[in-house]
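A.B. asks: What follows is a structure written as structure tokens; I'll ask about it next.
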Amino acid sequence: MPSKTSSVRIFTMPKSLNESLAVAELGRPQYAHELGRSSEKVKKTSDEYSKAQKDPLASNQPKHQQGITFAAQDKLPKLPIPELESTTTKYLAALKPLQSPREHAETQQAVEEFLRSEGPELQARLKKYANGKTSYIEQFWYDSYLNFDNPVVLNLNPFFLLEDDPTPARNNQVTRAASLVISALSFVRAVRREELPPDTVKGRPLCMYQYSRLFGTARIPTDNGCHIGQDPESKHIVVLCHGQFYWFDVMDDNSDLIMTEKDMSINLQTIVDDAQQTPIQEAAKGALGVLSTENRKVWSRLREIMTRDEGSNNSDCLGIVDSALFILCLDYTEPTSGADLCGNMLCGTSQIERGVQIGTCTNRWYDKLQIIVCKNGSAGINFEHTGVDGHTVLRFASDVYTDTILRFARTINGQAPSLWASTSPDPSKRDPDSFGNVSTTPHKLEWDVVPELSIALRFAETRLADLINQNEFQTLDFAAYGKNFMTAMGFSPDAFVQMAFQAAYYGLYGRVECTYEPAMTKFYLHGRTEAIRPVTPEAVHFIQTFWGENPPQQKVDALKKACQKHTANTKECAKAQGCDRHLYALYSVWQKALDEDGAEAASSTGMSSNGYSSPVYEGSEKDPNSVVGSPTRNSVLSDTDELRSLTNQPRGNSSPSRQQQLPLMFSDPGWDKLNNTILSTSNCGNPSLRQFGFGPTSGDGFGIGYIIKDEGISICASSKHRQTKRFVDALESYLLEIRRILKATQRTASPKSSRAREASQHRPKPQNRVKSRGRVIRATELGKKSGTATPLEEASTGSDDEGLGGYGFFDAGMLLQALKARGDGLDDESLKTGENGSSRRSIGKKLRLSEY
């Protein structure tokens with residue numbers, strides 16, 4: 001039996017971004033002189049074809065070059081620390097519409113006291129702490145995120161539901177999964193070779209650091225909080241089927257693909273056939289993936305139990321799973337409704353048969369990036385959110401979906417464009433010796449399930465089933481209009497939809513609640529998100545005007561002012577000038593000083609609350625355990641009782657002093673109110689996605705993921721059975737009603753009119769009778785019924801116009817309760833596996849390939 005240190009791969013920190021991966025010579029096209037052909041003959045043959053004939057799709061080819069992915073990192077500015085007075089002003093503005101006059105007056109007093117006493121001192125410490133660091137808040141976000149002890153499923157991990165593959169032949173499980181894996185590996189290759197074009201917004205580059213944290217990473221639980229382990233040279237994937245684990249290599253040491261799509265299909269079919277040999281009731285009893293849904297401290301202790309026996313397979317098996325590029329989950333179910341699909345991608349299904357859990361919830365591993373494919377080919381992504389935001393995973397999902405289409409196009413026309421600057425050499429034409437030490441045959445991981453683990457599995461599954469049954473999901477595929485109509489009417493699409501959420505909620509409950517929306521701050525080095533607060537005095541005025549007996553024009557005017565205010569706030573937050581992140585950093589500096597027994601420690605050591613310096617891009621000392629991270633729940637501290645228990649108790653050897661007293665602003669009820677989000681919203685998506693969403697972030701709240709498309713809006717709402725269907729119905733009714741009002745107040749040319757149509761409307765009437773003969777058919781006449789149309793009928797014939805392009809740049813953020821910072825994370829040495837790949841090849845039972 002191989003020992004732990006000789007058979008499990010080492011988790012190490014990735015290399016600095018300047019240390020680009022060496023370009024593999026394999027796959028370099030051969031030149032004419034190398035093939036024995038004369039250059040004259042080649043030129044003569046080539047000249048016989050026109051430029052268009054030689055490359056008919058050249059205009060569509062992307063212009064890539066190696067080393068471009070991280071080329072702009074050095075030029076990105078650091079995240080700015082806002083001025084204290086500006087932050088507190090915005091804080092008060094965000095709270096004003098949520099508080100009574102008396103409550104707001106008390107909060108104002110707390111803020112004034114903060115500005116007179118602790119505020120300036122904490123601001124100075126924060127600035128000193130930030131010297132030499134990549135970001136003033138990066139490590140604080142990382143600490144709070146990884147110290148979240150509750151299960152990550154439904155609390156932290158978001159999901160994407162991909163559109164179906166447009167090629168019908170791929171819409172079954174094995175072919176769809178094989179196609180997605182090949183495209184995902186091409187994306188991995190582009191990142192590692194630094195050929196992935198950087199993200200930009202209006203020509204401005206965005207930070208690409210998160211892409212280096214997307215693959216080969218795992219969230220590892222310890223008694224002192226979680227940490228991120230990463231194998232930057234990972235070259236295998238793990239496949240989950242019926243709760244059973246399989247693995248095989250998919251890349252060589254040069255990050256080139258070593259399998260064709262056909263090879264991948266054979267492997268996946270082999271795994272499906274093998275998994276079906278074990279009755280699902282029996283397989284469920286050993287589905288260890290359920291343990292990743294446990295409380296993090298419980299999961300940490302269970303990992304210790306798994307690996308404590310000398311000679312156990314479990315250490316090797318955990319190493320294989322943790323270091324995999326990603327997890328592929330092959331589900332045996334076929335959800336049909338949008339709500340069922342969303343639930344399956346977020347938390348799996350719960351189905352009890354003869355007292356045994358046979359739902360897909362046992363077929364997951366939530367500590368890693370997962371690609372999920374159902375039996376009917378429906379596919380989605382569930383991702384561990386510590387090091388990456390929704391915007392990053394959206395790029396991955398979009399490129400993977402696009403590549404599957406382009407690869408199909410190239411089977412029709414070899415000149416069809418490619419997303420990638422270069423591609424792997426055809427594995428079927430390579431010399432077998434060129435692959436190196438790889439194992440492409442699937443191996444089944446065989447866990448040693450001791451009695452303690454069997455009991456833990458049972459209890460973990462029942463708790464997970466409880467958690468799943470406590471939540472519900474509803475979707476709205478609103479097709480009456482989308483971004484084009486909103487922009488034609490002069491509204492920001494994101495602001496328009498945010499006001500819809502406010503109006504629908506107010507229509508049901510007669511009040512406004514704390515709402516959160518994340519804005520991307522990747523214009524800055526290692527930027528993550530800032531919190532937008534959609535509830536403003538302008539928004540409240542619009543809601544009250546809309547639901548009152550007021551003229552339509554007055555309602556429209558109020559909506560415009562509310563949307564303009566939201567857009568202005570969004571722009572400020574994208575510049576990292578919101579109030580939430582800055583205030584949380586100030587709170588973290590105070591807490592850090594308390595933890596380290598004195599203010600001097602916080603300002604001079606440059607250490608974060610877990611004792612590590614902030615991870616940086618390059619040129620600075622790195623902690624081998626740290627990684628970028630930010631809370632993905634929508635508030636910094638949403639659990640009031642826990643906050644008070646953490647901050648009011650003396651720690652360490654601190655003596656009673658002013659440093660132990662929580663600043664009045666952070667103990668004020670206003671701070672609790674702003675950090676208890678009822679409507680947690682996020683705008684993230686494009687046409688490659690059918691839905692996107694996440695769980696509710698508070699017991700009495702809603703989690704709302706939405707995608708604004710050209711001609712529609714896709715919304716996934718979740719809650720703990722808080723009339724989610726009724727809320728979605730109210731939202732749909734509002735969207736139809738507001739369009740009726742807009743049409744009634746803006747009787748202008750159809751927003752859907754093209755430029756040519758606009759020109760024809762202003763052209764003089766033709767004198768030629770032939771051209772003028774006949775009755776012009778108006779667009780509004782199509783499908784018009786006789787008699788007077790009802791408001792609903794009128795609303796359903798809406799019109800849209802060309803949009804301004806692009807989507808909202810928001811992550812899939814969700815509220816995170818910042819918990820007490822723990823101590824040091826588990827040393828990555830505990831995850832080490834030998835660098836000798838030959839011993840790893842023997843891990844698990846080797847399968848016999850099946851015909852496909």
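The chains in the structure tokens are called A, B, ... from first to last as shown; in each chain the residues are counted from 1, and the ligands are counted from 1 in the order shown.
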Find the residues around Asp149 of chain A up to 9 Å (only C-alpha atoms counted), leave out those fewer than 5 positions away in its own chain, and share them as a VMD selection string.
C.D. replies: chain A and resid 225 to 226 295 to 297 819
A.B. asks: Need to verify the contact set: segment 351-353 of chain A, 12 Å, only C-alpha atoms, exclusion of same-chain residues closer than 3 positions in sequence. Can you return it as a ChimeraX atom specification?
C.D. replies: /A:280-282,284,333,344,348,356-362,461-462,464-466,468-469
A.B. asks: With all heavy atoms retained, write the just-selected residues as a compact mmCIF listing (two decimals), in the first residue's frame.
C.D. replies:
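Output saved as result.txt:
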```txt
# COMPACT_ATOMS: atom_id res chain seq x y z
N ILE A 280 -28.75 1.54 -6.69
CA ILE A 280 -28.64 2.91 -6.22
C ILE A 280 -28.84 3.01 -4.71
O ILE A 280 -28.25 3.85 -4.04
CB ILE A 280 -29.64 3.82 -6.97
CG1 ILE A 280 -29.34 5.29 -6.67
CG2 ILE A 280 -31.08 3.47 -6.64
CD1 ILE A 280 -30.05 6.25 -7.58
N GLN A 281 -29.67 2.09 -4.15
CA GLN A 281 -29.85 2.12 -2.70
C GLN A 281 -28.55 1.76 -1.98
O GLN A 281 -28.23 2.33 -0.93
CB GLN A 281 -30.95 1.15 -2.27
CG GLN A 281 -32.35 1.58 -2.67
CD GLN A 281 -32.70 1.21 -4.11
OE1 GLN A 281 -31.88 0.59 -4.80
NE2 GLN A 281 -33.89 1.59 -4.55
N GLU A 282 -27.79 0.83 -2.54
CA GLU A 282 -26.52 0.45 -1.94
C GLU A 282 -25.48 1.54 -2.14
O GLU A 282 -24.70 1.86 -1.25
CB GLU A 282 -26.04 -0.87 -2.54
CG GLU A 282 -26.87 -2.07 -2.14
CD GLU A 282 -26.90 -2.27 -0.64
OE1 GLU A 282 -25.82 -2.16 -0.01
OE2 GLU A 282 -27.99 -2.51 -0.09
N ALA A 284 -25.97 4.67 -2.43
CA ALA A 284 -26.26 5.84 -1.61
C ALA A 284 -25.68 5.70 -0.20
O ALA A 284 -25.33 6.70 0.44
CB ALA A 284 -27.77 6.07 -1.53
N THR A 333 -31.26 11.52 -13.09
CA THR A 333 -32.61 12.08 -13.17
C THR A 333 -32.76 12.98 -14.39
O THR A 333 -31.78 13.40 -15.01
CB THR A 333 -32.93 12.88 -11.91
OG1 THR A 333 -31.95 13.92 -11.75
CG2 THR A 333 -32.92 11.99 -10.68
N ASN A 344 -31.99 21.29 -8.75
CA ASN A 344 -31.02 20.21 -8.95
C ASN A 344 -29.61 20.75 -9.09
O ASN A 344 -28.65 20.16 -8.58
CB ASN A 344 -31.39 19.42 -10.20
CG ASN A 344 -30.54 18.18 -10.38
OD1 ASN A 344 -30.54 17.27 -9.56
ND2 ASN A 344 -29.75 18.15 -11.45
N GLY A 348 -29.21 19.72 -5.54
CA GLY A 348 -29.60 18.35 -5.82
C GLY A 348 -31.02 18.07 -5.36
O GLY A 348 -31.68 18.91 -4.74
N VAL A 356 -34.09 5.04 2.13
CA VAL A 356 -32.74 5.38 1.66
C VAL A 356 -32.81 6.57 0.73
O VAL A 356 -33.71 6.66 -0.13
CB VAL A 356 -32.08 4.18 0.94
CG1 VAL A 356 -30.70 4.56 0.42
CG2 VAL A 356 -31.98 2.98 1.88
N GLN A 357 -31.89 7.51 0.89
CA GLN A 357 -31.82 8.70 0.04
C GLN A 357 -31.23 8.32 -1.32
O GLN A 357 -30.09 7.88 -1.43
CB GLN A 357 -30.94 9.76 0.68
CG GLN A 357 -30.72 11.01 -0.16
CD GLN A 357 -31.99 11.80 -0.39
OE1 GLN A 357 -32.59 11.71 -1.47
NE2 GLN A 357 -32.40 12.56 0.61
N ILE A 358 -32.03 8.45 -2.38
CA ILE A 358 -31.54 8.13 -3.72
C ILE A 358 -31.57 9.37 -4.62
O ILE A 358 -31.41 9.26 -5.84
CB ILE A 358 -32.35 7.00 -4.37
CG1 ILE A 358 -33.82 7.42 -4.55
CG2 ILE A 358 -32.22 5.72 -3.55
CD1 ILE A 358 -34.63 6.44 -5.38
N GLY A 359 -31.79 10.56 -4.05
CA GLY A 359 -31.79 11.78 -4.85
C GLY A 359 -30.40 12.16 -5.30
O GLY A 359 -29.38 11.59 -4.87
N THR A 360 -30.33 13.14 -6.17
CA THR A 360 -29.03 13.56 -6.71
C THR A 360 -28.21 14.35 -5.71
O THR A 360 -27.05 14.68 -5.98
CB THR A 360 -29.22 14.42 -7.98
OG1 THR A 360 -29.99 15.58 -7.66
CG2 THR A 360 -29.94 13.62 -9.06
N CYS A 361 -28.78 14.67 -4.55
CA CYS A 361 -28.01 15.41 -3.54
C CYS A 361 -26.82 14.59 -3.05
O CYS A 361 -25.87 15.15 -2.48
CB CYS A 361 -28.89 15.80 -2.36
SG CYS A 361 -29.59 14.40 -1.44
N THR A 362 -26.84 13.27 -3.25
CA THR A 362 -25.71 12.44 -2.84
C THR A 362 -24.62 12.38 -3.91
O THR A 362 -23.57 11.79 -3.69
CB THR A 362 -26.17 11.00 -2.56
OG1 THR A 362 -26.67 10.41 -3.78
CG2 THR A 362 -27.26 10.98 -1.51
N GLU A 461 -26.73 13.01 5.61
CA GLU A 461 -27.77 12.96 4.57
C GLU A 461 -29.11 13.45 5.10
O GLU A 461 -29.82 14.19 4.42
CB GLU A 461 -27.88 11.52 4.05
CG GLU A 461 -28.95 11.34 2.98
CD GLU A 461 -30.33 11.08 3.57
OE1 GLU A 461 -30.45 10.19 4.43
OE2 GLU A 461 -31.27 11.81 3.18
N THR A 462 -29.47 13.07 6.33
CA THR A 462 -30.76 13.51 6.86
C THR A 462 -30.76 15.02 7.10
O THR A 462 -31.77 15.70 6.87
CB THR A 462 -31.10 12.78 8.18
OG1 THR A 462 -30.02 12.94 9.11
CG2 THR A 462 -31.32 11.30 7.93
N LEU A 464 -28.98 17.14 5.36
CA LEU A 464 -29.05 17.74 4.02
C LEU A 464 -30.47 17.69 3.48
O LEU A 464 -30.95 18.67 2.88
CB LEU A 464 -28.08 17.01 3.08
CG LEU A 464 -28.14 17.43 1.60
CD1 LEU A 464 -27.80 18.90 1.45
CD2 LEU A 464 -27.19 16.57 0.76
N ALA A 465 -31.15 16.57 3.67
CA ALA A 465 -32.54 16.47 3.22
C ALA A 465 -33.41 17.51 3.90
O ALA A 465 -34.29 18.12 3.27
CB ALA A 465 -33.06 15.06 3.48
N ASP A 466 -33.17 17.73 5.19
CA ASP A 466 -33.89 18.80 5.90
C ASP A 466 -33.64 20.15 5.24
O ASP A 466 -34.56 20.93 5.00
CB ASP A 466 -33.44 18.86 7.36
CG ASP A 466 -34.27 17.97 8.27
OD1 ASP A 466 -35.28 17.43 7.80
OD2 ASP A 466 -33.90 17.81 9.44
N ILE A 468 -32.66 20.86 2.21
CA ILE A 468 -33.27 20.96 0.89
C ILE A 468 -34.77 21.21 1.01
O ILE A 468 -35.34 22.06 0.30
CB ILE A 468 -32.99 19.68 0.07
CG1 ILE A 468 -31.51 19.57 -0.26
CG2 ILE A 468 -33.82 19.66 -1.21
CD1 ILE A 468 -31.11 18.26 -0.91
N ASN A 469 -35.41 20.49 1.92
CA ASN A 469 -36.86 20.62 2.07
C ASN A 469 -37.27 21.93 2.72
O ASN A 469 -38.45 22.31 2.67
CB ASN A 469 -37.41 19.44 2.87
CG ASN A 469 -37.36 18.14 2.09
OD1 ASN A 469 -37.62 18.12 0.90
ND2 ASN A 469 -37.02 17.04 2.76
```
A.B. asks: Restricting the calculation to only C-alpha atoms: of A:Ala585, A:Asp309, A:Pro518, A:Gly229, which residue gets closest to Gln123 of chain A?
C.D. replies: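 Ranked by minimum distance to Gln123 of chain A, first place goes to A:Ala585.
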